[in-house]
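Enquirer: Here it is, the structure in full.
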Amino acid sequence: MKLTIEVLKKAAKDFCDKESAYENSDLYGVSDGKAVGTYIEHKFQEYLEEGFEYEKGSSAKGIDLPSKDILTDIKVTSIKQPQSSCPFKDASQKIFGLGYNLLVFVYEKTDDPDKETAILNFLSCSFIEKSRTADYTTTFRIREMLKDGAIKEDIIAYLSDKNIPADDVTLDQIADKIISKTPDQGYLTISNALQWRLQYSRVVYLNECIDGVSKLVDKINK
């Protein structure tokens, strides 16, 4: 079967249901969140490979599912601190989104000393369309400023004040783009760093329907 976004969403939900009941000996005693995340990402990719046809990612392509019709990166993180990093491409990503979709798995890990196994209970799984992958606060403020009649100089001043990682020429270009096209409201928290630090709490605890954010598994807001 050819993988589509809708098929991917269903596969992610089915994978969460299956894994949440699985007694995993490989992850028993593993406390390194990155190691757990990598393990689950690979296992989900194997799950997809068994039943679907799709273009696989590579380090050169940068994201896990790079085909134009899917264009999705897979993120796995603990509920203790639902966040991950992603490559920094340019400062406009914080305002106009990462440029690709995100599939975010959030788990709670429990070890059973008697069985020497681990249970990863997937509390949340969300598909975030690329139009919603910008920073929440930055896009919220910019949208409010535009409603209040802000001009280019106001936008540049705001971006400078918030230490958007860009030089004056780039800030000028970003401001032009903002004035010509109001950014969509983002739902991530993106911290400035050599790599973007993406935080997902707003999505995990989101209990309203937002176009572009699909809650595939939600055991938190029930």
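Residue numbering restarts at 1 for every chain of the structure tokens, chains are lettered A, B, ... in their displayed order, and ligands are numbered from 1 as they appear.
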Return as JSON lines the residues of region 78-140 of chain A lying at most 9 Å from region 163-183 of chain A, together with the closest atom-to-atom pair for each and the distance in Å to one decimal, counting only C-alpha atoms, with rows in chain order and ascending residue number.
Expert:
{"residue": "A:Asp90", "atom": "CA", "partner": "A:Ala166", "partner_atom": "CA", "distance": 8.0}
{"residue": "A:Ala91", "atom": "CA", "partner": "A:Pro165", "partner_atom": "CA", "distance": 5.8}
{"residue": "A:Ser92", "atom": "CA", "partner": "A:Ile174", "partner_atom": "CA", "distance": 6.5}
{"residue": "A:Lys94", "atom": "CA", "partner": "A:Ile164", "partner_atom": "CA", "distance": 8.3}
{"residue": "A:Ile95", "atom": "CA", "partner": "A:Pro183", "partner_atom": "CA", "distance": 6.6}
{"residue": "A:Phe96", "atom": "CA", "partner": "A:Pro183", "partner_atom": "CA", "distance": 5.8}
{"residue": "A:Gly97", "atom": "CA", "partner": "A:Pro183", "partner_atom": "CA", "distance": 8.8}
{"residue": "A:Ser131", "atom": "CA", "partner": "A:Pro183", "partner_atom": "CA", "distance": 8.7}
{"residue": "A:Ala134", "atom": "CA", "partner": "A:Pro183", "partner_atom": "CA", "distance": 8.7}
{"residue": "A:Thr139", "atom": "CA", "partner": "A:Pro183", "partner_atom": "CA", "distance": 6.5}
{"residue": "A:Phe140", "atom": "CA", "partner": "A:Pro183", "partner_atom": "CA", "distance": 9.0}
Enquirer: Taking C-alpha atoms for each residue, export the selection above as an mmCIF file, in the first residue's frame.
Expert:
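Once everything was written out, this is part-v1.cif:
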data_model
loop_
_atom_site.group_PDB
_atom_site.id
_atom_site.type_symbol
_atom_site.label_atom_id
_atom_site.label_comp_id
_atom_site.auth_asym_id
_atom_site.auth_seq_id
_atom_site.Cartn_x
_atom_site.Cartn_y
_atom_site.Cartn_z
ATOM 1 C CA ASP A 90 17.185 30.097 8.796
ATOM 2 C CA ALA A 91 15.573 32.504 11.257
ATOM 3 C CA SER A 92 12.309 32.706 9.304
ATOM 4 C CA LYS A 94 10.534 30.524 13.816
ATOM 5 C CA ILE A 95 7.887 32.704 12.142
ATOM 6 C CA PHE A 96 6.805 30.808 9.026
ATOM 7 C CA GLY A 97 7.357 27.230 10.191
ATOM 8 C CA SER A 131 1.870 25.556 8.571
ATOM 9 C CA ALA A 134 6.290 28.052 13.928
ATOM 10 C CA THR A 139 3.541 34.365 15.658
ATOM 11 C CA PHE A 140 0.834 35.365 18.136
#
Enquirer: I want to know what sits within 10 Å of Ala11 (chain A), based on only C-alpha atoms, with residues of the same chain fewer than 6 positions away left out; could you give that as a ChimeraX atom specification?
Expert: /A:3,5,17,44,47-48,51-52,216
Enquirer: Excluding same-chain residues fewer than 6 positions from region 6-8 of chain A, what lies within 10 Å of it counting only C-alpha atoms, as a list in words?
Expert: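 In the requested format, the answer is Asp14, Leu48, Phe52, Ile70, Thr72, Leu103 and Phe127 of chain A.
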Enquirer: Residues at most 7 Å from region 22-37 of chain A, counting only C-alpha atoms, excluding those fewer than 3 positions away in the same chain, as number ranges by chain?
Expert: A: 18-19, 40-41, 76-78, 111, 116-119
Enquirer: Could you save those same residues with C-alpha atoms as a PDB file, in the first residue's frame?
Expert:
ATOM      1  CA  LYS A  18       0.525  -1.814  19.981  1.00  0.00           C
ATOM      2  CA  GLU A  19       3.671  -0.447  21.662  1.00  0.00           C
ATOM      3  CA  ILE A  40      11.349   3.958  18.774  1.00  0.00           C
ATOM      4  CA  GLU A  41      11.957   5.949  15.587  1.00  0.00           C
ATOM      5  CA  VAL A  76       9.943  10.810  19.904  1.00  0.00           C
ATOM      6  CA  THR A  77      10.143  12.360  23.363  1.00  0.00           C
ATOM      7  CA  SER A  78       9.339  11.700  27.017  1.00  0.00           C
ATOM      8  CA  ASP A 111      10.332  -0.301  34.219  1.00  0.00           C
ATOM      9  CA  GLU A 116      13.085  -6.784  33.601  1.00  0.00           C
ATOM     10  CA  THR A 117      11.013  -5.157  30.912  1.00  0.00           C
ATOM     11  CA  ALA A 118       9.915  -1.619  30.124  1.00  0.00           C
ATOM     12  CA  ILE A 119       6.500  -0.352  29.087  1.00  0.00           C
TER      13      ILE A 119
END
Enquirer: Counting only C-alpha atoms, figure out which residue out of A:Ser124, A:Thr38, A:Ser214, A:Thr138 gets nearest to Ser84 (chain A).
Expert: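 When distances to Ser84 (chain A) are compared using only C-alpha atoms, the smallest one comes from A:Thr38.
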Enquirer: Using DSSP on the backbone coordinates, identify all residues within region 11-101 of chain A classified as strand (DSSP E or B); present the result as a list in words.
Expert: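 For region 11-101 of chain A, the strand (DSSP E or B) set is Asn24, Glu53, Leu65, Thr72, Asp73, Ile74, Lys75, Val76, Thr77, Ser78, Gln83, Ser84, Ser85, Cys86 and Asn101 of chain A.
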Enquirer: When DSSP is applied to the backbone of this structure, which of region 20-191 of chain A are assigned alpha helix (DSSP H)? Write them out as a ChimeraX atom specification.
Expert: /A:33-51,93-96,136-147,152-161,168-180
